[in-house]
>>> print(open('target-v8.txt').read())   # compact mmCIF, C-alpha atoms
# COMPACT_ATOMS: atom_id res chain seq x y z
CA MET A 1 -61.40 145.36 45.72
CA ASP A 2 -60.32 146.73 42.34
CA THR A 3 -59.84 143.60 40.27
CA THR A 4 -57.81 145.42 37.60
CA THR A 5 -55.02 146.23 40.07
CA PRO A 6 -52.50 143.41 40.36
CA LEU A 7 -51.75 142.33 43.91
CA LEU A 8 -48.17 143.28 44.73
CA PRO A 9 -45.97 141.78 47.42
CA PRO A 10 -45.12 144.28 50.19
CA ALA A 11 -42.51 146.76 49.02
CA ASP A 12 -38.97 146.42 50.25
CA TRP A 13 -37.84 149.07 52.79
CA ARG A 14 -35.22 150.21 50.24
CA ASP A 15 -38.06 151.18 47.93
CA PHE A 16 -39.51 153.45 50.62
CA LEU A 17 -36.06 154.99 50.96
CA ALA A 18 -35.86 155.46 47.17
CA LEU A 19 -39.24 157.18 47.31
CA THR A 20 -37.69 159.98 49.37
CA LYS A 21 -35.21 160.89 46.57
CA PRO A 22 -32.11 160.66 48.81
CA ARG A 23 -29.85 162.46 46.31
CA VAL A 24 -32.10 165.51 46.17
CA MET A 25 -32.31 165.35 49.96
CA THR A 26 -28.53 165.83 50.30
CA LEU A 27 -28.69 169.28 48.76
CA VAL A 28 -31.77 170.20 50.79
CA VAL A 29 -30.13 169.06 54.03
CA PHE A 30 -26.92 170.87 53.18
CA THR A 31 -28.61 174.21 52.39
CA GLY A 32 -30.82 173.86 55.48
CA LEU A 33 -27.77 173.21 57.63
CA CYS A 34 -26.00 176.22 56.10
CA GLY A 35 -29.02 178.42 56.86
CA MET A 36 -28.86 177.26 60.47
CA LEU A 37 -25.09 177.68 60.79
CA ALA A 38 -25.16 181.13 59.18
CA ALA A 39 -27.67 182.37 61.80
CA PRO A 40 -26.32 184.84 64.36
CA VAL A 41 -27.41 182.69 67.31
CA GLY A 42 -26.28 179.22 68.26
CA VAL A 43 -28.70 176.36 68.55
CA HIS A 44 -28.56 173.42 70.98
CA PRO A 45 -26.95 170.50 69.07
CA VAL A 46 -29.90 168.16 69.74
CA ILE A 47 -32.44 170.77 68.63
CA GLY A 48 -30.28 171.58 65.60
CA PHE A 49 -30.03 167.89 64.70
CA THR A 50 -33.80 167.54 65.08
CA ALA A 51 -34.42 170.55 62.83
CA ILE A 52 -32.17 169.13 60.09
CA LEU A 53 -33.82 165.72 60.49
CA CYS A 54 -37.24 167.34 60.07
CA ILE A 55 -36.07 169.20 56.95
CA ALA A 56 -34.77 165.90 55.53
CA LEU A 57 -37.98 164.03 56.41
CA GLY A 58 -40.14 166.83 55.00
CA ALA A 59 -38.14 166.84 51.76
CA GLY A 60 -38.36 163.05 51.60
CA ALA A 61 -42.10 163.16 52.18
CA ALA A 62 -42.56 165.75 49.44
CA GLY A 63 -40.45 163.57 47.12
CA ALA A 64 -42.61 160.55 47.94
CA LEU A 65 -45.83 162.45 47.22
CA ASN A 66 -44.31 163.75 44.00
CA GLN A 67 -43.53 160.19 42.90
CA TRP A 68 -47.00 159.05 43.92
CA TYR A 69 -48.61 161.70 41.71
CA GLU A 70 -46.17 161.40 38.81
CA ALA A 71 -45.93 157.61 38.47
CA ASP A 72 -47.26 157.86 34.89
CA ILE A 73 -44.68 160.49 33.88
CA ASP A 74 -41.88 158.55 35.58
CA ALA A 75 -42.86 155.42 33.66
CA ALA A 76 -42.46 157.29 30.37
CA MET A 77 -38.98 158.63 31.12
CA ARG A 78 -35.79 156.58 30.91
CA ARG A 79 -34.23 158.52 33.81
CA THR A 80 -37.06 157.65 36.21
CA GLN A 81 -38.67 154.42 34.99
CA GLN A 82 -36.76 152.31 37.53
CA ARG A 83 -38.31 154.18 40.48
CA PRO A 84 -40.39 151.93 42.80
CA LEU A 85 -43.84 152.91 41.43
CA PRO A 86 -43.25 152.82 37.66
CA ALA A 87 -41.16 149.65 38.08
CA GLY A 88 -44.14 148.02 39.81
CA ARG A 89 -42.32 147.30 43.05
CA MET A 90 -44.72 149.31 45.18
CA ASP A 91 -48.43 149.90 45.48
CA ARG A 92 -49.45 153.57 44.84
CA GLN A 93 -51.54 153.72 47.99
CA ALA A 94 -48.53 152.71 50.11
CA ALA A 95 -46.57 155.59 48.59
CA LEU A 96 -49.39 158.04 49.34
CA HIS A 97 -49.76 156.91 52.95
CA PHE A 98 -46.00 157.01 53.44
CA GLY A 99 -45.75 160.54 52.00
CA VAL A 100 -48.66 161.97 53.98
CA GLY A 101 -47.56 160.29 57.22
CA LEU A 102 -43.97 161.44 56.87
CA SER A 103 -45.07 165.01 56.03
CA ALA A 104 -47.27 165.23 59.11
CA PHE A 105 -44.59 163.68 61.32
CA SER A 106 -41.84 166.06 60.13
CA VAL A 107 -43.98 169.19 60.61
CA ILE A 108 -45.34 168.12 64.01
CA LEU A 109 -41.88 167.16 65.29
CA MET A 110 -40.45 170.48 64.04
CA GLY A 111 -43.26 172.40 65.78
CA LEU A 112 -42.93 170.55 69.08
CA ALA A 113 -39.14 170.23 69.31
CA VAL A 114 -37.83 173.29 67.44
CA ASN A 115 -40.26 176.18 66.90
CA LEU A 116 -43.51 177.05 65.15
CA THR A 117 -41.96 179.41 62.59
CA ALA A 118 -39.67 176.66 61.25
CA ALA A 119 -42.59 174.20 61.29
CA ALA A 120 -44.83 176.64 59.39
CA ILE A 121 -42.20 177.24 56.67
CA LEU A 122 -41.57 173.48 56.42
CA LEU A 123 -45.31 172.90 55.94
CA VAL A 124 -45.51 175.63 53.29
CA SER A 125 -42.51 174.16 51.44
CA ILE A 126 -44.03 170.65 51.38
CA LEU A 127 -47.42 171.95 50.22
CA PHE A 128 -45.76 174.19 47.65
CA TYR A 129 -43.77 171.31 46.16
CA VAL A 130 -46.66 168.88 46.11
CA LEU A 131 -49.66 171.07 45.29
CA ILE A 132 -48.26 174.08 43.42
CA TYR A 133 -45.39 172.39 41.56
CA THR A 134 -46.33 168.72 41.17
CA VAL A 135 -50.12 168.87 40.86
CA TRP A 136 -50.70 172.32 39.38
CA LEU A 137 -47.74 173.58 37.38
CA LYS A 138 -45.63 170.69 36.15
CA ARG A 139 -48.00 169.37 33.50
CA ARG A 140 -49.43 172.77 32.55
CA THR A 141 -46.72 175.33 31.97
CA PRO A 142 -43.08 175.53 30.87
CA GLN A 143 -42.64 177.93 33.78
CA ASN A 144 -43.16 174.91 36.09
CA ILE A 145 -39.65 174.82 37.49
CA VAL A 146 -39.36 178.62 37.75
CA ILE A 147 -42.23 178.90 40.24
CA GLY A 148 -41.81 175.39 41.59
CA GLY A 149 -38.17 176.17 42.32
CA ALA A 150 -39.35 178.10 45.37
CA ALA A 151 -40.09 174.79 47.11
CA GLY A 152 -36.44 173.77 46.97
CA ALA A 153 -35.36 177.23 48.08
CA PHE A 154 -37.05 177.11 51.49
CA PRO A 155 -34.54 174.91 53.43
CA PRO A 156 -31.96 177.66 54.22
CA MET A 157 -34.84 179.78 55.49
CA ILE A 158 -36.11 176.88 57.62
CA GLY A 159 -32.61 176.28 59.00
CA TRP A 160 -32.26 179.96 59.93
CA ALA A 161 -35.76 180.03 61.46
CA ALA A 162 -34.92 176.91 63.48
CA ALA A 163 -32.03 178.80 65.09
CA THR A 164 -33.55 182.27 65.47
CA GLY A 165 -37.32 181.77 65.41
CA ASP A 166 -37.68 184.37 62.64
CA VAL A 167 -36.61 185.22 59.09
CA ALA A 168 -34.18 188.01 58.11
CA LEU A 169 -32.64 189.50 54.95
CA LEU A 170 -29.76 187.01 54.66
CA PRO A 171 -31.93 183.85 54.65
CA PHE A 172 -34.22 185.63 52.19
CA LEU A 173 -31.22 186.19 49.90
CA MET A 174 -30.25 182.52 50.34
CA PHE A 175 -33.82 181.62 49.34
CA LEU A 176 -33.57 183.92 46.34
CA LEU A 177 -30.24 182.42 45.26
CA VAL A 178 -31.61 178.85 45.21
CA PHE A 179 -34.86 180.07 43.60
CA LEU A 180 -33.03 181.83 40.76
CA TRP A 181 -30.43 179.06 40.43
CA THR A 182 -33.15 176.46 39.76
CA PRO A 183 -34.09 177.51 36.18
CA PRO A 184 -30.53 177.46 34.72
CA HIS A 185 -29.85 174.21 36.62
CA PHE A 186 -32.97 172.39 35.42
CA TRP A 187 -33.04 173.79 31.92
CA ALA A 188 -29.44 172.67 31.40
CA LEU A 189 -30.67 169.17 32.32
CA ALA A 190 -33.81 169.57 30.20
CA LEU A 191 -31.69 170.42 27.16
CA PHE A 192 -30.00 167.04 27.19
CA VAL A 193 -32.98 164.92 28.28
CA LYS A 194 -35.45 166.83 26.06
CA THR A 195 -36.71 163.71 24.30
CA ASP A 196 -37.54 162.09 27.64
CA TYR A 197 -39.66 165.06 28.73
CA ALA A 198 -41.36 165.24 25.33
CA ASN A 199 -42.23 161.51 25.48
CA ALA A 200 -43.70 161.97 28.94
CA GLY A 201 -45.75 165.00 27.84
CA VAL A 202 -44.13 167.34 30.36
CA PRO A 203 -44.12 170.88 28.95
CA MET A 204 -40.50 171.65 29.79
CA LEU A 205 -39.21 174.80 28.11
CA PRO A 206 -37.04 173.04 25.46
CA VAL A 207 -40.05 170.91 24.47
CA VAL A 208 -42.54 173.78 24.27
CA ALA A 209 -40.49 176.81 23.25
CA GLY A 210 -37.51 175.13 21.64
CA GLU A 211 -33.81 174.95 22.25
CA ARG A 212 -32.93 178.55 21.28
CA VAL A 213 -35.41 180.12 23.71
CA THR A 214 -34.26 177.79 26.51
CA ARG A 215 -30.62 178.74 26.02
CA HIS A 216 -31.63 182.42 26.02
CA GLN A 217 -33.68 181.97 29.23
CA ILE A 218 -30.79 180.19 30.96
CA GLY A 219 -28.69 183.28 30.24
CA LEU A 220 -31.43 185.65 31.41
CA TYR A 221 -32.03 183.90 34.75
CA THR A 222 -28.31 183.79 35.48
CA VAL A 223 -28.19 187.61 35.76
CA PRO A 224 -30.54 187.99 38.78
CA MET A 225 -29.07 184.79 40.23
CA ALA A 226 -25.59 186.33 40.12
CA ILE A 227 -26.89 189.50 41.80
CA ALA A 228 -28.58 187.49 44.56
CA ALA A 229 -25.38 185.44 45.02
CA VAL A 230 -23.07 188.42 45.42
CA ALA A 231 -25.52 190.80 47.19
CA PRO A 232 -24.84 189.68 50.80
CA TRP A 233 -21.32 191.15 50.58
CA PRO A 234 -22.11 194.76 49.49
CA LEU A 235 -25.10 194.70 51.85
CA GLY A 236 -22.69 194.09 54.74
CA LEU A 237 -24.24 190.73 55.66
CA THR A 238 -21.00 188.84 54.96
CA GLY A 239 -17.30 189.60 54.78
CA PRO A 240 -14.74 189.47 51.95
CA LEU A 241 -14.29 185.68 52.14
CA TYR A 242 -17.84 185.12 50.92
CA GLY A 243 -17.63 188.16 48.64
CA ILE A 244 -14.58 186.89 46.76
CA ALA A 245 -15.79 183.26 46.76
CA SER A 246 -19.18 184.28 45.38
CA LEU A 247 -17.57 186.44 42.68
CA VAL A 248 -15.23 183.65 41.55
CA LEU A 249 -17.83 180.86 41.72
CA THR A 250 -20.52 182.95 40.03
CA GLY A 251 -18.00 184.06 37.40
CA ILE A 252 -17.32 180.42 36.49
CA PHE A 253 -21.08 179.75 36.46
CA ALA A 254 -21.64 182.71 34.14
CA ALA A 255 -18.84 181.56 31.81
CA LEU A 256 -20.40 178.08 31.52
CA VAL A 257 -23.82 179.65 30.95
CA LEU A 258 -22.42 181.92 28.26
CA ARG A 259 -21.09 178.87 26.40
CA VAL A 260 -24.49 177.14 26.66
CA ALA A 261 -26.46 180.29 25.79
CA THR A 262 -24.48 181.07 22.64
CA ARG A 263 -24.25 177.65 20.99
CA ARG A 264 -26.63 175.51 18.95
CA GLN A 265 -27.07 171.77 19.11
CA GLY A 266 -25.45 170.09 16.13
CA GLU A 267 -25.86 166.68 14.53
CA GLY A 268 -24.71 163.92 16.94
CA ASP A 269 -24.03 166.55 19.64
CA THR A 270 -22.98 165.01 22.99
CA MET A 271 -24.20 168.16 24.81
CA LYS A 272 -21.00 168.44 26.85
CA PRO A 273 -21.36 172.16 27.73
CA GLU A 274 -24.92 171.57 29.00
CA LYS A 275 -23.83 168.53 31.04
CA ARG A 276 -20.88 170.49 32.40
CA LEU A 277 -23.18 173.38 33.42
CA PHE A 278 -25.58 170.98 35.11
CA SER A 279 -22.80 169.28 37.11
CA TYR A 280 -21.12 172.56 38.01
CA SER A 281 -24.41 174.10 39.13
CA ILE A 282 -24.71 171.43 41.85
CA LEU A 283 -21.13 171.96 42.99
CA TYR A 284 -21.69 175.73 42.85
CA LEU A 285 -24.53 175.64 45.35
CA PHE A 286 -22.60 173.40 47.75
CA VAL A 287 -19.46 175.54 47.65
CA ILE A 288 -21.14 178.95 47.78
CA PHE A 289 -23.23 177.96 50.81
CA GLY A 290 -20.13 176.46 52.43
CA ALA A 291 -18.28 179.74 51.84
CA LEU A 292 -21.18 181.66 53.39
CA VAL A 293 -21.02 179.60 56.56
CA ALA A 294 -17.22 179.87 56.76
CA ASP A 295 -17.46 183.62 56.31
CA ARG A 296 -20.17 184.07 58.96
CA TRP A 297 -18.10 182.05 61.43
CA MET A 298 -15.06 184.22 60.73
CA MET A 299 -17.15 187.36 61.25
CA ALA A 300 -18.57 186.10 64.55
CA MET B 1 -49.07 131.67 45.61
CA THR B 2 -45.88 129.76 44.95
CA PRO B 3 -43.42 128.90 47.76
CA GLU B 4 -41.02 131.42 46.14
CA ASP B 5 -43.63 134.17 46.38
CA GLU B 6 -44.28 133.32 50.00
CA LYS B 7 -40.56 133.36 50.74
CA LEU B 8 -40.23 136.79 49.11
CA ILE B 9 -43.13 138.18 51.12
CA ARG B 10 -41.74 136.80 54.37
CA ARG B 11 -38.30 138.21 53.60
CA ARG B 12 -39.72 141.66 52.85
CA GLN B 13 -41.90 141.60 55.97
CA ALA B 14 -38.89 140.66 58.10
CA GLY B 15 -36.77 143.41 56.53
CA ARG B 16 -39.46 146.02 57.08
CA ALA B 17 -40.02 144.89 60.65
CA ARG B 18 -36.30 145.20 61.41
CA VAL B 19 -36.10 148.70 59.90
CA MET B 20 -39.26 149.75 61.75
CA ALA B 21 -37.78 148.49 65.03
CA LEU B 22 -34.60 150.48 64.42
CA LEU B 23 -36.58 153.61 63.54
CA LEU B 24 -38.77 153.33 66.63
CA GLY B 25 -35.69 152.81 68.80
CA GLY B 26 -34.12 155.88 67.21
CA LEU B 27 -37.28 157.89 67.80
CA VAL B 28 -37.34 156.96 71.50
CA LEU B 29 -33.71 158.09 71.85
CA LEU B 30 -34.40 161.29 69.93
CA ILE B 31 -37.39 162.22 72.08
CA PHE B 32 -35.39 161.48 75.22
CA ALA B 33 -32.53 163.70 73.94
CA ILE B 34 -34.98 166.48 72.99
CA SER B 35 -36.52 166.34 76.48
CA ILE B 36 -33.10 166.65 78.12
CA ALA B 37 -32.14 169.50 75.76
CA LYS B 38 -35.40 171.34 76.51
CA ILE B 39 -34.82 170.94 80.26
CA GLN B 40 -31.26 172.30 79.86
CA LEU B 41 -32.50 175.23 77.75
CA GLY B 42 -35.15 175.94 80.39
CA MET B 43 -32.50 175.97 83.09
CA HIS B 44 -30.06 178.20 81.21
CA GLY B 45 -32.60 180.45 79.50
>>> encode(input="target-v8.txt", output="structure tokens")
Amino acid sequence: MDTTTPLLPPADWRDFLALTKPRVMTLVVFTGLCGMLAAPVGVHPVIGFTAILCIALGAGAAGALNQWYEADIDAAMRRTQQRPLPAGRMDRQAALHFGVGLSAFSVILMGLAVNLTAAAILLVSILFYVLIYTVWLKRRTPQNIVIGGAAGAFPPMIGWAAATGDVALLPFLMFLLVFLWTPPHFWALALFVKTDYANAGVPMLPVVAGERVTRHQIGLYTVPMAIAAVAPWPLGLTGPLYGIASLVLTGIFAALVLRVATRRQGEGDTMKPEKRLFSYSILYLFVIFGALVADRWMMA
Amino acid sequence: MTPEDEKLIRRRQAGRARVMALLLGGLVLLIFAISIAKIQLGMHG
């Protein structure tokens, strides 16, 4: 036994729940559900429920493995130091076993109960988040969340694959929208928690390249994101309901980005525009995916 | 180990056991429901 490791009492079940990042899971479950509901074929309610459960469990497992690997970073950041591992409420090995077990369970259940395509994409998304983002990119490059954002973009594709057994242009565009939405979303956050990331040694863009470049990059990534958001309408994949909703919602997003991209942080700045962009970006994704589902149902 | 520590450990063990029981019960129901759904899907194509 390692005598330097203090013996901890067994973790509370709530700490295992916290390990799965339930708040992040809500968005993942919602986009996965939208991918499934936007598919042209119906899915048996029990199979549909199982698919969404597997997406949630897979996301939770990836979150747990992320926290297992990043316990040192989490301990250095105010936003995350109360998580079960940095707060010393859980043993690291328990987190690892929980994450690996839950990953395997979610993928196997998806493969057996839903279909192999959905299970394969779920496996890729977990591995991408844990190995490519958490282990490889996060500590090495300021482009960490650009590439790593792909992991969070898979759920709509998994939802669609759960219903149809394959992947088409619309779920790919949904993937692209979440993928391109991730940089402006995270960099808006990074702008107002910059000190936290710097203290933890995470090379987030504002820490490495500075505030001006980050604001510029937020603006740059919003352009392809807006194209991916609106594209389903001119491509004939959705009707005018989604078209108009995406134009309005993306217009508001672009206006908030413009404000963030063109300002400079002053002395004693409360970073309101950045906080507003961050909050709106979450609402944006919920509403635009909701509009997509509503539109597809009206078209059917 | 103090009596307080022992009490904490027992309380956590009991909590985890209860949650595990609920999860296993849920899993049994889920697998039953999946089996029925698969049979229905097999019957109706």
>>> residues_near_point(input="target-v8.txt", point="(-31.9, 177.3, 50.5)", cutoff="6 Å", atoms="all atoms listed in the file", output="PyMOL selection string")
chain A and resi 31+153-156+174-175+178
>>> interface_residues(input="target-v8.txt", of="chain A", to="chain B", cutoff="9 Å", atoms="only C-alpha atoms", output="CSV table (one decimal) with C-alpha atoms, in the coordinates of the input")
chain,number,residue,atom,x,y,z
A,9,PRO,CA,-46.0,141.8,47.4
A,10,PRO,CA,-45.1,144.3,50.2
A,11,ALA,CA,-42.5,146.8,49.0
A,12,ASP,CA,-39.0,146.4,50.2
A,13,TRP,CA,-37.8,149.1,52.8
A,44,HIS,CA,-28.6,173.4,71.0
A,45,PRO,CA,-27.0,170.5,69.1
A,46,VAL,CA,-29.9,168.2,69.7
A,47,ILE,CA,-32.4,170.8,68.6
A,50,THR,CA,-33.8,167.5,65.1
A,113,ALA,CA,-39.1,170.2,69.3
>>> atom_distance(input="target-v8.txt", atom1="atom CA of A:Ala300", atom2="atom CA of A:Ala163")
15.3 Å
>>> closest_residue(input="target-v8.txt", among="A:His97, A:His185, A:Lys272, A:Arg296", to="A:Val146", atoms="all atoms listed in the file")
A:His185
>>> atom_distance(input="target-v8.txt", atom1="atom CA of A:Asn144", atom2="atom CA of A:Thr182")
10.8 Å
>>> atom_distance(input="target-v8.txt", atom1="atom CA of A:Tyr197", atom2="atom CA of A:Met90")
23.3 Å
>>> closest_residue(input="target-v8.txt", among="A:Ile52, A:Leu247, A:Ala231, A:Ala190", to="A:Leu37", atoms="all atoms listed in the file")
A:Ile52
>>> closest_residue(input="target-v8.txt", among="A:Leu177, A:Leu170, A:Leu205, A:Ile132", to="A:Tyr284", atoms="all atoms listed in the file")
A:Leu177
>>> residues_around(input="target-v8.txt", residues="A:Val223", least_positions_apart="2", cutoff="12 Å", atoms="all atoms listed in the file", output="list in words")
Leu177, Leu180, Trp181, Pro183, Pro184, His216, Gln217, Ile218, Gly219, Leu220, Tyr221, Met225, Ala226, Ile227, Ala228, Ala229, Val230, Thr250, Gly251, Phe253, Ala254, Ala255, Val257 and Leu258 of chain A
>>> residues_near_point(input="target-v8.txt", point="(-36.2, 182.5, 62.6)", cutoff="10 Å", atoms="all atoms listed in the file", output="PDB file with C-alpha atoms, keeping the file's coordinate frame")
ATOM      1  CA  MET A  36     -28.860 177.260  60.470  1.00  0.00           C
ATOM      2  CA  ALA A  39     -27.670 182.370  61.800  1.00  0.00           C
ATOM      3  CA  VAL A  41     -27.410 182.690  67.310  1.00  0.00           C
ATOM      4  CA  ASN A 115     -40.260 176.180  66.900  1.00  0.00           C
ATOM      5  CA  LEU A 116     -43.510 177.050  65.150  1.00  0.00           C
ATOM      6  CA  THR A 117     -41.960 179.410  62.590  1.00  0.00           C
ATOM      7  CA  ALA A 118     -39.670 176.660  61.250  1.00  0.00           C
ATOM      8  CA  ILE A 121     -42.200 177.240  56.670  1.00  0.00           C
ATOM      9  CA  MET A 157     -34.840 179.780  55.490  1.00  0.00           C
ATOM     10  CA  ILE A 158     -36.110 176.880  57.620  1.00  0.00           C
ATOM     11  CA  GLY A 159     -32.610 176.280  59.000  1.00  0.00           C
ATOM     12  CA  TRP A 160     -32.260 179.960  59.930  1.00  0.00           C
ATOM     13  CA  ALA A 161     -35.760 180.030  61.460  1.00  0.00           C
ATOM     14  CA  ALA A 162     -34.920 176.910  63.480  1.00  0.00           C
ATOM     15  CA  ALA A 163     -32.030 178.800  65.090  1.00  0.00           C
ATOM     16  CA  THR A 164     -33.550 182.270  65.470  1.00  0.00           C
ATOM     17  CA  GLY A 165     -37.320 181.770  65.410  1.00  0.00           C
ATOM     18  CA  ASP A 166     -37.680 184.370  62.640  1.00  0.00           C
ATOM     19  CA  VAL A 167     -36.610 185.220  59.090  1.00  0.00           C
ATOM     20  CA  ALA A 168     -34.180 188.010  58.110  1.00  0.00           C
ATOM     21  CA  PRO A 171     -31.930 183.850  54.650  1.00  0.00           C
TER      22      PRO A 171
END
>>> residues_around(input="target-v8.txt", residues="A:Ala62", least_positions_apart="3", cutoff="8 Å", atoms="all atoms listed in the file", output="list in words")
Thr20, Gly58, Ala59, Leu65, Asn66, Gly99, Ser103, Ile126, Leu127, Tyr129 and Val130 of chain A
>>> build_atoms(input="target-v8.txt", residues="stretch 24-38 of chain B", atoms="N, CA, C and O atoms", output="JSON list (two decimals), in the coordinates of the input")
[["chain", "number", "residue", "atom", "x", "y", "z"],
["B", 24, "LEU", "N", -38.07, 153.04, 65.37],
["B", 24, "LEU", "CA", -38.77, 153.33, 66.63],
["B", 24, "LEU", "C", -37.79, 153.51, 67.77],
["B", 24, "LEU", "O", -37.94, 154.40, 68.61],
["B", 25, "GLY", "N", -36.74, 152.66, 67.79],
["B", 25, "GLY", "CA", -35.69, 152.81, 68.80],
["B", 25, "GLY", "C", -35.02, 154.18, 68.68],
["B", 25, "GLY", "O", -34.81, 154.87, 69.69],
["B", 26, "GLY", "N", -34.73, 154.57, 67.46],
["B", 26, "GLY", "CA", -34.12, 155.88, 67.21],
["B", 26, "GLY", "C", -35.03, 157.00, 67.67],
["B", 26, "GLY", "O", -34.57, 157.99, 68.26],
["B", 27, "LEU", "N", -36.32, 156.85, 67.42],
["B", 27, "LEU", "CA", -37.28, 157.89, 67.80],
["B", 27, "LEU", "C", -37.35, 158.04, 69.33],
["B", 27, "LEU", "O", -37.41, 159.16, 69.84],
["B", 28, "VAL", "N", -37.32, 156.92, 70.02],
["B", 28, "VAL", "CA", -37.34, 156.96, 71.50],
["B", 28, "VAL", "C", -36.11, 157.73, 72.00],
["B", 28, "VAL", "O", -36.22, 158.64, 72.84],
["B", 29, "LEU", "N", -34.94, 157.39, 71.45],
["B", 29, "LEU", "CA", -33.71, 158.09, 71.85],
["B", 29, "LEU", "C", -33.78, 159.58, 71.53],
["B", 29, "LEU", "O", -33.36, 160.42, 72.32],
["B", 30, "LEU", "N", -34.31, 159.88, 70.35],
["B", 30, "LEU", "CA", -34.40, 161.29, 69.93],
["B", 30, "LEU", "C", -35.31, 162.07, 70.87],
["B", 30, "LEU", "O", -34.96, 163.17, 71.32],
["B", 31, "ILE", "N", -36.46, 161.51, 71.20],
["B", 31, "ILE", "CA", -37.39, 162.22, 72.08],
["B", 31, "ILE", "C", -36.80, 162.38, 73.48],
["B", 31, "ILE", "O", -36.94, 163.44, 74.10],
["B", 32, "PHE", "N", -36.08, 161.37, 73.92],
["B", 32, "PHE", "CA", -35.39, 161.48, 75.22],
["B", 32, "PHE", "C", -34.38, 162.63, 75.16],
["B", 32, "PHE", "O", -34.35, 163.50, 76.03],
["B", 33, "ALA", "N", -33.56, 162.65, 74.08],
["B", 33, "ALA", "CA", -32.53, 163.70, 73.94],
["B", 33, "ALA", "C", -33.17, 165.08, 73.84],
["B", 33, "ALA", "O", -32.67, 166.05, 74.43],
["B", 34, "ILE", "N", -34.29, 165.19, 73.11],
["B", 34, "ILE", "CA", -34.98, 166.48, 72.99],
["B", 34, "ILE", "C", -35.47, 166.93, 74.36],
["B", 34, "ILE", "O", -35.33, 168.11, 74.74],
["B", 35, "SER", "N", -36.01, 166.00, 75.13],
["B", 35, "SER", "CA", -36.52, 166.34, 76.48],
["B", 35, "SER", "C", -35.39, 166.88, 77.35],
["B", 35, "SER", "O", -35.55, 167.91, 78.01],
["B", 36, "ILE", "N", -34.25, 166.20, 77.33],
["B", 36, "ILE", "CA", -33.10, 166.65, 78.12],
["B", 36, "ILE", "C", -32.64, 168.03, 77.65],
["B", 36, "ILE", "O", -32.38, 168.93, 78.46],
["B", 37, "ALA", "N", -32.57, 168.21, 76.32],
["B", 37, "ALA", "CA", -32.14, 169.50, 75.76],
["B", 37, "ALA", "C", -33.09, 170.61, 76.19],
["B", 37, "ALA", "O", -32.66, 171.70, 76.58],
["B", 38, "LYS", "N", -34.40, 170.33, 76.14],
["B", 38, "LYS", "CA", -35.40, 171.34, 76.51],
["B", 38, "LYS", "C", -35.26, 171.70, 77.99],
["B", 38, "LYS", "O", -35.40, 172.86, 78.36]]
